[in-house]
$ cat coords-v9.txt   # compact mmCIF, N, CA and C atoms
# COMPACT_ATOMS: atom_id res chain seq x y z
N MET A 1384 -1.88 -5.52 -39.35
CA MET A 1384 -1.05 -6.31 -38.47
C MET A 1384 -0.08 -7.13 -39.32
N ILE A 1385 1.08 -7.38 -38.79
CA ILE A 1385 2.13 -8.15 -39.46
C ILE A 1385 1.64 -9.58 -39.72
N ASP A 1386 1.96 -10.11 -40.90
CA ASP A 1386 1.60 -11.50 -41.22
C ASP A 1386 2.31 -12.47 -40.28
N GLY A 1387 1.60 -13.52 -39.89
CA GLY A 1387 2.18 -14.53 -39.01
C GLY A 1387 2.46 -14.01 -37.61
N PHE A 1388 1.66 -13.06 -37.16
CA PHE A 1388 1.88 -12.38 -35.87
C PHE A 1388 2.12 -13.38 -34.73
N GLU A 1389 1.17 -14.30 -34.51
CA GLU A 1389 1.28 -15.22 -33.38
C GLU A 1389 2.54 -16.09 -33.48
N GLN A 1390 2.85 -16.56 -34.71
CA GLN A 1390 4.02 -17.40 -34.89
C GLN A 1390 5.31 -16.63 -34.62
N ARG A 1391 5.31 -15.35 -34.93
CA ARG A 1391 6.52 -14.55 -34.72
C ARG A 1391 6.74 -14.19 -33.26
N ILE A 1392 5.65 -14.04 -32.50
CA ILE A 1392 5.84 -13.65 -31.09
C ILE A 1392 5.96 -14.86 -30.16
N TYR A 1393 5.48 -16.02 -30.60
CA TYR A 1393 5.49 -17.19 -29.72
C TYR A 1393 6.87 -17.49 -29.11
N PRO A 1394 7.96 -17.48 -29.89
CA PRO A 1394 9.26 -17.79 -29.28
C PRO A 1394 9.65 -16.82 -28.14
N ILE A 1395 9.12 -15.61 -28.17
CA ILE A 1395 9.45 -14.62 -27.14
C ILE A 1395 8.53 -14.77 -25.94
N ILE A 1396 7.24 -14.99 -26.18
CA ILE A 1396 6.28 -15.00 -25.07
C ILE A 1396 6.14 -16.36 -24.39
N ARG A 1397 6.64 -17.42 -25.01
CA ARG A 1397 6.41 -18.76 -24.45
C ARG A 1397 6.94 -18.93 -23.04
N ASP A 1398 7.95 -18.13 -22.67
CA ASP A 1398 8.50 -18.24 -21.32
C ASP A 1398 8.19 -17.02 -20.46
N LYS A 1399 7.12 -16.28 -20.81
CA LYS A 1399 6.71 -15.10 -20.04
C LYS A 1399 5.47 -15.45 -19.22
N ILE A 1400 5.19 -14.61 -18.22
CA ILE A 1400 4.03 -14.87 -17.37
C ILE A 1400 2.87 -13.97 -17.77
N PHE A 1401 1.70 -14.59 -17.90
CA PHE A 1401 0.48 -13.88 -18.24
C PHE A 1401 -0.64 -14.38 -17.34
N PHE A 1402 -1.59 -13.49 -17.07
CA PHE A 1402 -2.74 -13.84 -16.24
C PHE A 1402 -4.02 -13.40 -16.94
N SER A 1403 -5.07 -14.18 -16.71
CA SER A 1403 -6.39 -13.81 -17.21
C SER A 1403 -7.02 -12.83 -16.23
N ARG A 1404 -7.54 -11.73 -16.74
CA ARG A 1404 -8.28 -10.79 -15.90
C ARG A 1404 -9.67 -11.35 -15.59
N ILE A 1405 -10.08 -12.35 -16.33
CA ILE A 1405 -11.41 -12.93 -16.14
C ILE A 1405 -11.44 -13.79 -14.89
N SER A 1406 -10.53 -14.76 -14.80
CA SER A 1406 -10.51 -15.66 -13.65
C SER A 1406 -9.39 -15.34 -12.66
N GLY A 1407 -8.40 -14.58 -13.09
CA GLY A 1407 -7.25 -14.29 -12.24
C GLY A 1407 -6.19 -15.37 -12.28
N HIS A 1408 -6.42 -16.43 -13.02
CA HIS A 1408 -5.46 -17.53 -13.09
C HIS A 1408 -4.37 -17.27 -14.12
N ARG A 1409 -3.23 -17.90 -13.88
CA ARG A 1409 -2.11 -17.81 -14.80
C ARG A 1409 -2.47 -18.51 -16.11
N ALA A 1410 -2.07 -17.91 -17.21
CA ALA A 1410 -2.34 -18.48 -18.53
C ALA A 1410 -1.13 -19.28 -19.01
N GLU A 1411 -1.41 -20.40 -19.61
CA GLU A 1411 -0.38 -21.19 -20.27
C GLU A 1411 -0.26 -20.66 -21.69
N VAL A 1412 0.96 -20.32 -22.10
CA VAL A 1412 1.18 -19.82 -23.45
C VAL A 1412 1.28 -21.01 -24.39
N VAL A 1413 0.48 -20.97 -25.44
CA VAL A 1413 0.47 -22.05 -26.42
C VAL A 1413 0.75 -21.48 -27.81
N GLU A 1414 1.35 -22.31 -28.65
CA GLU A 1414 1.63 -21.87 -30.01
C GLU A 1414 0.35 -21.73 -30.83
N GLN A 1415 -0.59 -22.63 -30.57
CA GLN A 1415 -1.88 -22.56 -31.25
C GLN A 1415 -2.97 -23.00 -30.28
N LEU A 1416 -4.05 -22.25 -30.26
CA LEU A 1416 -5.17 -22.59 -29.40
C LEU A 1416 -5.92 -23.79 -29.95
N PRO A 1417 -6.51 -24.59 -29.08
CA PRO A 1417 -7.35 -25.69 -29.56
C PRO A 1417 -8.63 -25.15 -30.19
N GLU A 1418 -9.40 -26.03 -30.79
CA GLU A 1418 -10.66 -25.62 -31.44
C GLU A 1418 -11.64 -24.99 -30.46
N THR A 1419 -11.66 -25.49 -29.22
CA THR A 1419 -12.61 -24.99 -28.22
C THR A 1419 -11.89 -24.77 -26.90
N ILE A 1420 -12.55 -24.05 -26.02
CA ILE A 1420 -12.03 -23.81 -24.67
C ILE A 1420 -11.88 -25.15 -23.96
N VAL A 1421 -10.78 -25.30 -23.23
CA VAL A 1421 -10.53 -26.52 -22.47
C VAL A 1421 -10.93 -26.25 -21.02
N PRO A 1422 -11.95 -26.94 -20.52
CA PRO A 1422 -12.37 -26.71 -19.13
C PRO A 1422 -11.19 -26.87 -18.15
N GLY A 1423 -11.09 -25.90 -17.25
CA GLY A 1423 -10.05 -25.94 -16.22
C GLY A 1423 -8.70 -25.41 -16.63
N LYS A 1424 -8.53 -25.03 -17.91
CA LYS A 1424 -7.24 -24.51 -18.39
C LYS A 1424 -7.40 -23.07 -18.89
N VAL A 1425 -6.38 -22.27 -18.64
CA VAL A 1425 -6.34 -20.91 -19.18
C VAL A 1425 -5.21 -20.90 -20.21
N LEU A 1426 -5.57 -20.65 -21.46
CA LEU A 1426 -4.61 -20.71 -22.58
C LEU A 1426 -4.55 -19.36 -23.29
N PHE A 1427 -3.34 -19.00 -23.74
CA PHE A 1427 -3.11 -17.71 -24.39
C PHE A 1427 -2.12 -17.92 -25.53
N ASP A 1428 -2.47 -17.44 -26.73
CA ASP A 1428 -1.58 -17.60 -27.89
C ASP A 1428 -0.91 -16.30 -28.31
N GLY A 1429 -1.02 -15.28 -27.50
CA GLY A 1429 -0.43 -13.99 -27.84
C GLY A 1429 -1.46 -12.99 -28.31
N ILE A 1430 -2.63 -13.49 -28.73
CA ILE A 1430 -3.73 -12.63 -29.16
C ILE A 1430 -5.02 -13.00 -28.45
N MET A 1431 -5.34 -14.28 -28.48
CA MET A 1431 -6.60 -14.75 -27.91
C MET A 1431 -6.37 -15.48 -26.59
N LEU A 1432 -7.35 -15.35 -25.70
CA LEU A 1432 -7.32 -15.99 -24.39
C LEU A 1432 -8.52 -16.92 -24.29
N TYR A 1433 -8.26 -18.16 -23.92
CA TYR A 1433 -9.32 -19.11 -23.59
C TYR A 1433 -9.26 -19.34 -22.10
N ASP A 1434 -10.22 -18.81 -21.37
CA ASP A 1434 -10.25 -19.00 -19.92
C ASP A 1434 -11.22 -20.14 -19.62
N GLY A 1435 -10.67 -21.33 -19.46
CA GLY A 1435 -11.46 -22.51 -19.18
C GLY A 1435 -11.91 -22.62 -17.75
N ILE A 1436 -11.46 -21.70 -16.89
CA ILE A 1436 -11.96 -21.65 -15.51
C ILE A 1436 -13.36 -21.05 -15.53
N GLU A 1437 -13.51 -19.97 -16.28
CA GLU A 1437 -14.79 -19.27 -16.38
C GLU A 1437 -15.56 -19.61 -17.66
N GLY A 1438 -14.91 -20.33 -18.59
CA GLY A 1438 -15.58 -20.70 -19.83
C GLY A 1438 -15.77 -19.54 -20.78
N ILE A 1439 -14.80 -18.62 -20.81
CA ILE A 1439 -14.92 -17.41 -21.63
C ILE A 1439 -13.73 -17.28 -22.56
N GLU A 1440 -14.01 -16.85 -23.79
CA GLU A 1440 -12.98 -16.54 -24.79
C GLU A 1440 -12.94 -15.03 -24.95
N ASP A 1441 -11.74 -14.46 -24.94
CA ASP A 1441 -11.60 -13.02 -25.16
C ASP A 1441 -10.23 -12.78 -25.76
N ASP A 1442 -9.87 -11.52 -25.91
CA ASP A 1442 -8.57 -11.21 -26.51
C ASP A 1442 -7.65 -10.56 -25.49
N ILE A 1443 -6.62 -9.87 -25.97
CA ILE A 1443 -5.57 -9.36 -25.09
C ILE A 1443 -6.05 -8.31 -24.10
N GLN A 1444 -7.23 -7.75 -24.29
CA GLN A 1444 -7.73 -6.78 -23.31
C GLN A 1444 -7.98 -7.44 -21.96
N GLN A 1445 -8.12 -8.76 -21.95
CA GLN A 1445 -8.36 -9.49 -20.70
C GLN A 1445 -7.12 -10.22 -20.20
N VAL A 1446 -5.94 -9.80 -20.68
CA VAL A 1446 -4.68 -10.42 -20.29
C VAL A 1446 -3.77 -9.37 -19.67
N VAL A 1447 -3.12 -9.75 -18.57
CA VAL A 1447 -2.14 -8.86 -17.93
C VAL A 1447 -0.83 -9.62 -17.76
N SER A 1448 0.24 -8.85 -17.65
CA SER A 1448 1.56 -9.39 -17.37
C SER A 1448 2.29 -8.38 -16.50
N VAL A 1449 3.56 -8.65 -16.22
CA VAL A 1449 4.36 -7.77 -15.37
C VAL A 1449 5.70 -7.55 -16.08
N THR A 1450 6.13 -6.29 -16.16
CA THR A 1450 7.42 -5.99 -16.78
C THR A 1450 8.55 -6.27 -15.80
N LYS A 1451 9.76 -6.31 -16.32
CA LYS A 1451 10.94 -6.55 -15.48
C LYS A 1451 11.14 -5.42 -14.45
N GLU A 1452 10.47 -4.28 -14.68
CA GLU A 1452 10.50 -3.18 -13.70
C GLU A 1452 9.43 -3.34 -12.64
N SER A 1453 8.78 -4.50 -12.63
CA SER A 1453 7.73 -4.84 -11.66
C SER A 1453 6.48 -3.96 -11.81
N VAL A 1454 6.12 -3.69 -13.05
CA VAL A 1454 4.92 -2.91 -13.33
C VAL A 1454 3.90 -3.82 -14.01
N GLY A 1455 2.73 -3.94 -13.40
CA GLY A 1455 1.65 -4.72 -13.98
C GLY A 1455 1.07 -3.98 -15.17
N ARG A 1456 0.89 -4.69 -16.29
CA ARG A 1456 0.40 -4.04 -17.51
C ARG A 1456 -0.69 -4.85 -18.18
N ASN A 1457 -1.70 -4.16 -18.66
CA ASN A 1457 -2.72 -4.75 -19.51
C ASN A 1457 -2.10 -4.95 -20.88
N MET A 1458 -2.26 -6.13 -21.46
CA MET A 1458 -1.60 -6.42 -22.73
C MET A 1458 -2.15 -5.64 -23.91
N GLU A 1459 -3.42 -5.30 -23.90
CA GLU A 1459 -3.93 -4.47 -25.00
C GLU A 1459 -3.21 -3.13 -25.03
N ASP A 1460 -3.06 -2.49 -23.88
CA ASP A 1460 -2.35 -1.22 -23.80
C ASP A 1460 -0.87 -1.39 -24.14
N TYR A 1461 -0.26 -2.44 -23.60
CA TYR A 1461 1.17 -2.69 -23.83
C TYR A 1461 1.45 -2.94 -25.31
N TYR A 1462 0.63 -3.74 -25.94
CA TYR A 1462 0.80 -4.01 -27.37
C TYR A 1462 0.66 -2.71 -28.17
N GLN A 1463 -0.39 -1.96 -27.87
CA GLN A 1463 -0.65 -0.72 -28.60
C GLN A 1463 0.50 0.28 -28.44
N GLU A 1464 0.94 0.48 -27.21
CA GLU A 1464 2.01 1.44 -26.93
C GLU A 1464 3.33 1.06 -27.58
N ASN A 1465 3.53 -0.23 -27.80
CA ASN A 1465 4.80 -0.69 -28.34
C ASN A 1465 4.75 -1.07 -29.82
N GLY A 1466 3.67 -0.70 -30.51
CA GLY A 1466 3.61 -0.83 -31.96
C GLY A 1466 3.25 -2.19 -32.51
N ALA A 1467 2.58 -3.02 -31.74
CA ALA A 1467 2.25 -4.37 -32.19
C ALA A 1467 1.37 -4.40 -33.44
N PHE A 1468 0.53 -3.42 -33.59
CA PHE A 1468 -0.45 -3.46 -34.67
C PHE A 1468 -0.05 -2.61 -35.86
N ASN A 1469 1.21 -2.27 -35.93
CA ASN A 1469 1.74 -1.48 -37.02
C ASN A 1469 2.33 -2.43 -38.06
N ASP A 1470 2.13 -2.14 -39.33
CA ASP A 1470 2.65 -3.00 -40.40
C ASP A 1470 4.12 -2.74 -40.72
N ASP A 1471 4.71 -1.75 -40.10
CA ASP A 1471 6.11 -1.43 -40.35
C ASP A 1471 7.02 -2.41 -39.60
N GLU A 1472 7.90 -3.07 -40.30
CA GLU A 1472 8.79 -4.08 -39.70
C GLU A 1472 9.69 -3.49 -38.61
N GLU A 1473 10.15 -2.27 -38.81
CA GLU A 1473 11.04 -1.64 -37.82
C GLU A 1473 10.29 -1.40 -36.51
N ILE A 1474 9.06 -0.92 -36.61
CA ILE A 1474 8.24 -0.70 -35.41
C ILE A 1474 7.90 -2.04 -34.77
N PHE A 1475 7.60 -3.04 -35.60
CA PHE A 1475 7.29 -4.37 -35.07
C PHE A 1475 8.48 -4.96 -34.32
N SER A 1476 9.68 -4.70 -34.79
CA SER A 1476 10.87 -5.21 -34.08
C SER A 1476 11.01 -4.55 -32.72
N CYS A 1477 10.57 -3.31 -32.58
CA CYS A 1477 10.55 -2.65 -31.27
C CYS A 1477 9.53 -3.33 -30.35
N PHE A 1478 8.41 -3.74 -30.92
CA PHE A 1478 7.40 -4.47 -30.15
C PHE A 1478 7.98 -5.80 -29.66
N ILE A 1479 8.66 -6.51 -30.53
CA ILE A 1479 9.29 -7.79 -30.15
C ILE A 1479 10.26 -7.56 -29.00
N GLU A 1480 11.04 -6.50 -29.07
CA GLU A 1480 11.97 -6.16 -27.99
C GLU A 1480 11.21 -5.88 -26.69
N ALA A 1481 10.08 -5.18 -26.78
CA ALA A 1481 9.28 -4.87 -25.60
C ALA A 1481 8.73 -6.15 -24.96
N LEU A 1482 8.37 -7.14 -25.78
CA LEU A 1482 7.90 -8.42 -25.24
C LEU A 1482 8.98 -9.08 -24.39
N GLY A 1483 10.22 -8.89 -24.78
CA GLY A 1483 11.35 -9.44 -24.01
C GLY A 1483 11.48 -8.81 -22.64
N ASN A 1484 10.81 -7.68 -22.43
CA ASN A 1484 10.87 -6.98 -21.14
C ASN A 1484 9.80 -7.46 -20.17
N LEU A 1485 9.03 -8.46 -20.55
CA LEU A 1485 8.04 -9.03 -19.63
C LEU A 1485 8.71 -10.09 -18.77
N MET A 1486 8.22 -10.24 -17.55
CA MET A 1486 8.82 -11.19 -16.62
C MET A 1486 8.55 -12.64 -17.01
N THR A 1487 9.49 -13.48 -16.62
CA THR A 1487 9.30 -14.92 -16.69
C THR A 1487 8.63 -15.35 -15.39
N PRO A 1488 8.10 -16.57 -15.33
CA PRO A 1488 7.51 -17.03 -14.08
C PRO A 1488 8.51 -17.02 -12.92
N GLU A 1489 9.76 -17.33 -13.19
CA GLU A 1489 10.78 -17.32 -12.14
C GLU A 1489 11.01 -15.91 -11.60
N GLU A 1490 11.09 -14.94 -12.50
CA GLU A 1490 11.27 -13.55 -12.08
C GLU A 1490 10.07 -13.10 -11.26
N TYR A 1491 8.89 -13.48 -11.72
CA TYR A 1491 7.66 -13.11 -11.02
C TYR A 1491 7.66 -13.71 -9.61
N ALA A 1492 8.05 -14.96 -9.49
CA ALA A 1492 8.06 -15.64 -8.19
C ALA A 1492 9.03 -14.98 -7.22
N ASN A 1493 10.06 -14.33 -7.75
CA ASN A 1493 11.06 -13.68 -6.90
C ASN A 1493 10.78 -12.20 -6.67
N THR A 1494 9.59 -11.75 -7.05
CA THR A 1494 9.20 -10.35 -6.87
C THR A 1494 7.99 -10.30 -5.96
N SER A 1495 8.02 -9.42 -5.00
CA SER A 1495 6.90 -9.35 -4.04
C SER A 1495 5.69 -8.66 -4.66
N ASP A 1496 4.52 -9.06 -4.21
CA ASP A 1496 3.28 -8.41 -4.64
C ASP A 1496 3.31 -6.93 -4.27
N ALA A 1497 3.91 -6.62 -3.12
CA ALA A 1497 3.97 -5.22 -2.67
C ALA A 1497 4.79 -4.38 -3.65
N LYS A 1498 5.90 -4.93 -4.13
CA LYS A 1498 6.74 -4.19 -5.08
C LYS A 1498 5.98 -3.97 -6.40
N ILE A 1499 5.29 -4.99 -6.86
CA ILE A 1499 4.51 -4.87 -8.10
C ILE A 1499 3.41 -3.82 -7.92
N SER A 1500 2.71 -3.87 -6.80
CA SER A 1500 1.64 -2.89 -6.54
C SER A 1500 2.19 -1.48 -6.48
N ARG A 1501 3.30 -1.31 -5.78
CA ARG A 1501 3.92 0.02 -5.63
C ARG A 1501 4.38 0.56 -6.98
N ASN A 1502 5.09 -0.26 -7.75
CA ASN A 1502 5.61 0.20 -9.04
C ASN A 1502 4.50 0.42 -10.06
N THR A 1503 3.46 -0.40 -10.00
CA THR A 1503 2.33 -0.21 -10.90
C THR A 1503 1.61 1.09 -10.58
N ALA A 1504 1.40 1.36 -9.30
CA ALA A 1504 0.75 2.62 -8.89
C ALA A 1504 1.57 3.82 -9.35
N LYS A 1505 2.89 3.75 -9.21
CA LYS A 1505 3.76 4.83 -9.67
C LYS A 1505 3.62 5.04 -11.18
N TYR A 1506 3.61 3.95 -11.91
CA TYR A 1506 3.46 4.02 -13.36
C TYR A 1506 2.12 4.66 -13.75
N VAL A 1507 1.05 4.21 -13.12
CA VAL A 1507 -0.29 4.74 -13.41
C VAL A 1507 -0.35 6.23 -13.10
N ASN A 1508 0.19 6.63 -11.97
CA ASN A 1508 0.20 8.06 -11.61
C ASN A 1508 0.98 8.88 -12.63
N GLN A 1509 2.12 8.36 -13.07
CA GLN A 1509 2.94 9.06 -14.06
C GLN A 1509 2.18 9.19 -15.38
N ARG A 1510 1.54 8.11 -15.84
CA ARG A 1510 0.75 8.15 -17.08
C ARG A 1510 -0.42 9.12 -16.95
N ASP A 1511 -1.09 9.12 -15.79
CA ASP A 1511 -2.20 10.05 -15.58
C ASP A 1511 -1.72 11.49 -15.67
N GLU A 1512 -0.58 11.77 -15.11
CA GLU A 1512 -0.02 13.12 -15.16
C GLU A 1512 0.33 13.51 -16.59
N GLU A 1513 0.90 12.58 -17.34
CA GLU A 1513 1.22 12.86 -18.75
C GLU A 1513 -0.06 13.15 -19.54
N ILE A 1514 -1.10 12.42 -19.27
CA ILE A 1514 -2.38 12.63 -19.97
C ILE A 1514 -2.97 13.99 -19.60
N ARG A 1515 -2.93 14.33 -18.30
CA ARG A 1515 -3.43 15.64 -17.87
C ARG A 1515 -2.68 16.78 -18.56
N LYS A 1516 -1.35 16.65 -18.66
CA LYS A 1516 -0.55 17.69 -19.32
C LYS A 1516 -0.90 17.79 -20.80
N ALA A 1517 -1.07 16.65 -21.46
CA ALA A 1517 -1.41 16.66 -22.89
C ALA A 1517 -2.78 17.30 -23.12
N VAL A 1518 -3.74 17.00 -22.27
CA VAL A 1518 -5.07 17.59 -22.39
C VAL A 1518 -5.00 19.09 -22.16
N ALA A 1519 -4.24 19.51 -21.16
CA ALA A 1519 -4.10 20.95 -20.88
C ALA A 1519 -3.48 21.67 -22.07
N GLU A 1520 -2.48 21.05 -22.69
CA GLU A 1520 -1.86 21.64 -23.86
C GLU A 1520 -2.85 21.76 -25.02
N LEU A 1521 -3.65 20.75 -25.22
CA LEU A 1521 -4.67 20.78 -26.26
C LEU A 1521 -5.68 21.88 -26.01
N LYS A 1522 -6.08 22.05 -24.77
CA LYS A 1522 -7.04 23.09 -24.43
C LYS A 1522 -6.45 24.46 -24.68
N ASN A 1523 -5.16 24.65 -24.39
CA ASN A 1523 -4.50 25.93 -24.61
C ASN A 1523 -4.37 26.23 -26.10
N ILE A 1524 -4.15 25.21 -26.91
CA ILE A 1524 -4.02 25.41 -28.35
C ILE A 1524 -5.33 25.84 -28.95
N LYS A 1525 -6.44 25.31 -28.48
CA LYS A 1525 -7.77 25.62 -29.02
C LYS A 1525 -8.24 27.02 -28.68
N ARG A 1526 -7.68 27.65 -27.69
CA ARG A 1526 -8.15 28.97 -27.25
C ARG A 1526 -7.58 30.06 -28.08
$ encode --input "coords-v9.txt" --output "structure tokens"
Amino acid sequence: MIDGFEQRIYPIIRDKIFFSRISGHRAEVVEQLPETIVPGKVLFDGIMLYDGIEGIEDDIQQVVSVTKESVGRNMEDYYQENGAFNDDEEIFSCFIEALGNLMTPEEYANTSDAKISRNTAKYVNQRDEEIRKAVAELKNIKR
């Protein structure tokens, strides 16, 4: 992973919307997490999540956001797909650009839940189809 990861992404994510999959509450983006979970607060530093509603600490696998295309995304998948964990600076800059494609709270407030659900379902169906095709191709190669 790139050195100073959290510090480098904070300026981009500080005005984006994130939710805890644990409690369902919106996460406050912080530059640095406190020493311990703060009861009643959900905090996210770009890597770690402190869900003070449920009293649980976890990482990006328990964080979701919404893209500007109104697609709900799990952050672990989004980070992985966009090269967050690659040490190559060029790939990391693509990841930074992808973070800019996440909604702000204002954009989220102006988007209906129905639109997010519809677009997310379309995205999931498209990804499932791509996976099915890739598996079929692999099976054909092995024969």
$ closest_residue --input "coords-v9.txt" --among "A:Gly1435, A:Gly1483, A:Gly1455, A:Gly1407" --to "A:Thr1503" --atoms "only N, CA and C atoms"
A:Gly1455
$ residues_around --input "coords-v9.txt" --residues "stretch 1487-1493 of chain A" --least-positions-apart "6" --cutoff "12 Å" --atoms "only C-alpha atoms" --output "ChimeraX atom specification"
/A:1395-1402,1409-1412,1448-1455,1499
$ atom_distance --input "coords-v9.txt" --atom1 "atom CA of A:Met1458" --atom2 "atom C of A:Leu1426"
13.3 Å
$ closest_residue --input "coords-v9.txt" --among "A:Gln1390, A:Thr1419, A:Asn1457, A:Asn1469" --to "A:Gln1445" --atoms "only N, CA and C atoms"
A:Asn1457
$ atom_distance --input "coords-v9.txt" --atom1 "atom C of A:Gly1466" --atom2 "atom C of A:Val1446"
16.3 Å
$ atom_distance --input "coords-v9.txt" --atom1 "atom CA of A:Ile1405" --atom2 "atom N of A:Ile1420"
14.9 Å
$ select_by_dssp --input "coords-v9.txt" --residues "stretch 1419-1463 of chain A" --states "strand (DSSP E or B)" --output "short mmCIF file (atom, residue, chain, number, x, y, z; two decimals) with N, CA and C atoms, in the frame of the given file"
data_model
loop_
_atom_site.label_atom_id
_atom_site.label_comp_id
_atom_site.auth_asym_id
_atom_site.auth_seq_id
_atom_site.Cartn_x
_atom_site.Cartn_y
_atom_site.Cartn_z
N VAL A 1425 -6.38 -22.27 -18.64
CA VAL A 1425 -6.34 -20.91 -19.18
C VAL A 1425 -5.21 -20.90 -20.21
N LEU A 1426 -5.57 -20.65 -21.46
CA LEU A 1426 -4.61 -20.71 -22.58
C LEU A 1426 -4.55 -19.36 -23.29
N PHE A 1427 -3.34 -19.00 -23.74
CA PHE A 1427 -3.11 -17.71 -24.39
C PHE A 1427 -2.12 -17.92 -25.53
N MET A 1431 -5.34 -14.28 -28.48
CA MET A 1431 -6.60 -14.75 -27.91
C MET A 1431 -6.37 -15.48 -26.59
N LEU A 1432 -7.35 -15.35 -25.70
CA LEU A 1432 -7.32 -15.99 -24.39
C LEU A 1432 -8.52 -16.92 -24.29
N TYR A 1433 -8.26 -18.16 -23.92
CA TYR A 1433 -9.32 -19.11 -23.59
C TYR A 1433 -9.26 -19.34 -22.10
N ASP A 1434 -10.22 -18.81 -21.37
CA ASP A 1434 -10.25 -19.00 -19.92
C ASP A 1434 -11.22 -20.14 -19.62
N ILE A 1439 -14.80 -18.62 -20.81
CA ILE A 1439 -14.92 -17.41 -21.63
C ILE A 1439 -13.73 -17.28 -22.56
N GLU A 1440 -14.01 -16.85 -23.79
CA GLU A 1440 -12.98 -16.54 -24.79
C GLU A 1440 -12.94 -15.03 -24.95
N ASP A 1441 -11.74 -14.46 -24.94
CA ASP A 1441 -11.60 -13.02 -25.16
C ASP A 1441 -10.23 -12.78 -25.76
N ASP A 1442 -9.87 -11.52 -25.91
CA ASP A 1442 -8.57 -11.21 -26.51
C ASP A 1442 -7.65 -10.56 -25.49
N VAL A 1446 -5.94 -9.80 -20.68
CA VAL A 1446 -4.68 -10.42 -20.29
C VAL A 1446 -3.77 -9.37 -19.67
N VAL A 1447 -3.12 -9.75 -18.57
CA VAL A 1447 -2.14 -8.86 -17.93
C VAL A 1447 -0.83 -9.62 -17.76
N SER A 1448 0.24 -8.85 -17.65
CA SER A 1448 1.56 -9.39 -17.37
C SER A 1448 2.29 -8.38 -16.50
N VAL A 1449 3.56 -8.65 -16.22
CA VAL A 1449 4.36 -7.77 -15.37
C VAL A 1449 5.70 -7.55 -16.08
N THR A 1450 6.13 -6.29 -16.16
CA THR A 1450 7.42 -5.99 -16.78
C THR A 1450 8.55 -6.27 -15.80
N GLY A 1455 2.73 -3.94 -13.40
CA GLY A 1455 1.65 -4.72 -13.98
C GLY A 1455 1.07 -3.98 -15.17
N ARG A 1456 0.89 -4.69 -16.29
CA ARG A 1456 0.40 -4.04 -17.51
C ARG A 1456 -0.69 -4.85 -18.18
N ASN A 1457 -1.70 -4.16 -18.66
CA ASN A 1457 -2.72 -4.75 -19.51
C ASN A 1457 -2.10 -4.95 -20.88
#
$ closest_residue --input "coords-v9.txt" --among "A:Leu1485, A:Ala1504, A:Gly1429, A:Glu1472" --to "A:Asp1442" --atoms "all atoms listed in the file"
A:Gly1429
$ residues_around --input "coords-v9.txt" --residues "A:Gly1423" --least-positions-apart "5" --cutoff "6.5 Å" --atoms "only N, CA and C atoms" --output "list in words"
Asp1434, Gly1435, Ile1436 and Glu1437 of chain A
$ axis_aligned_box --input "coords-v9.txt" --around "stretch 1448-1452 of chain A" --padding-each-side "8 Å" --output "JSON"
{"center_x": 5.7, "center_y": -6.3, "center_z": -15.1, "size_x": 26.9, "size_y": 22.2, "size_z": 21.0}
$ select_by_dssp --input "coords-v9.txt" --residues "stretch 1388-1510 of chain A" --states "helix (DSSP H, G or I)" --output "ChimeraX atom specification"
/A:1388-1396,1443-1445,1458-1464,1472-1482,1488-1492,1496-1510
$ residues_around --input "coords-v9.txt" --residues "A:Phe1475" --least-positions-apart "5" --cutoff "8 Å" --atoms "all atoms listed in the file" --output "ChimeraX atom specification"
/A:1385,1465-1470,1480-1481
$ write_last_selection --input "coords-v9.txt" --atoms "N, CA and C atoms" --output "compact mmCIF listing (two decimals), in the coordinates of the input"
# COMPACT_ATOMS: atom_id res chain seq x y z
N ILE A 1385 1.08 -7.38 -38.79
CA ILE A 1385 2.13 -8.15 -39.46
C ILE A 1385 1.64 -9.58 -39.72
N ASN A 1465 3.53 -0.23 -27.80
CA ASN A 1465 4.80 -0.69 -28.34
C ASN A 1465 4.75 -1.07 -29.82
N GLY A 1466 3.67 -0.70 -30.51
CA GLY A 1466 3.61 -0.83 -31.96
C GLY A 1466 3.25 -2.19 -32.51
N ALA A 1467 2.58 -3.02 -31.74
CA ALA A 1467 2.25 -4.37 -32.19
C ALA A 1467 1.37 -4.40 -33.44
N PHE A 1468 0.53 -3.42 -33.59
CA PHE A 1468 -0.45 -3.46 -34.67
C PHE A 1468 -0.05 -2.61 -35.86
N ASN A 1469 1.21 -2.27 -35.93
CA ASN A 1469 1.74 -1.48 -37.02
C ASN A 1469 2.33 -2.43 -38.06
N ASP A 1470 2.13 -2.14 -39.33
CA ASP A 1470 2.65 -3.00 -40.40
C ASP A 1470 4.12 -2.74 -40.72
N GLU A 1480 11.04 -6.50 -29.07
CA GLU A 1480 11.97 -6.16 -27.99
C GLU A 1480 11.21 -5.88 -26.69
N ALA A 1481 10.08 -5.18 -26.78
CA ALA A 1481 9.28 -4.87 -25.60
C ALA A 1481 8.73 -6.15 -24.96
$ residues_around --input "coords-v9.txt" --residues "A:Ile1430" --least-positions-apart "4" --cutoff "8 Å" --atoms "only N, CA and C atoms" --output "compact mmCIF listing (two decimals) with N, CA and C atoms, keeping the file's coordinate frame"
# COMPACT_ATOMS: atom_id res chain seq x y z
N PHE A 1388 1.66 -13.06 -37.16
CA PHE A 1388 1.88 -12.38 -35.87
C PHE A 1388 2.12 -13.38 -34.73
N GLU A 1389 1.17 -14.30 -34.51
CA GLU A 1389 1.28 -15.22 -33.38
C GLU A 1389 2.54 -16.09 -33.48
N ASP A 1441 -11.74 -14.46 -24.94
CA ASP A 1441 -11.60 -13.02 -25.16
C ASP A 1441 -10.23 -12.78 -25.76
N ASP A 1442 -9.87 -11.52 -25.91
CA ASP A 1442 -8.57 -11.21 -26.51
C ASP A 1442 -7.65 -10.56 -25.49
N ILE A 1443 -6.62 -9.87 -25.97
CA ILE A 1443 -5.57 -9.36 -25.09
C ILE A 1443 -6.05 -8.31 -24.10
N GLN A 1444 -7.23 -7.75 -24.29
CA GLN A 1444 -7.73 -6.78 -23.31
C GLN A 1444 -7.98 -7.44 -21.96
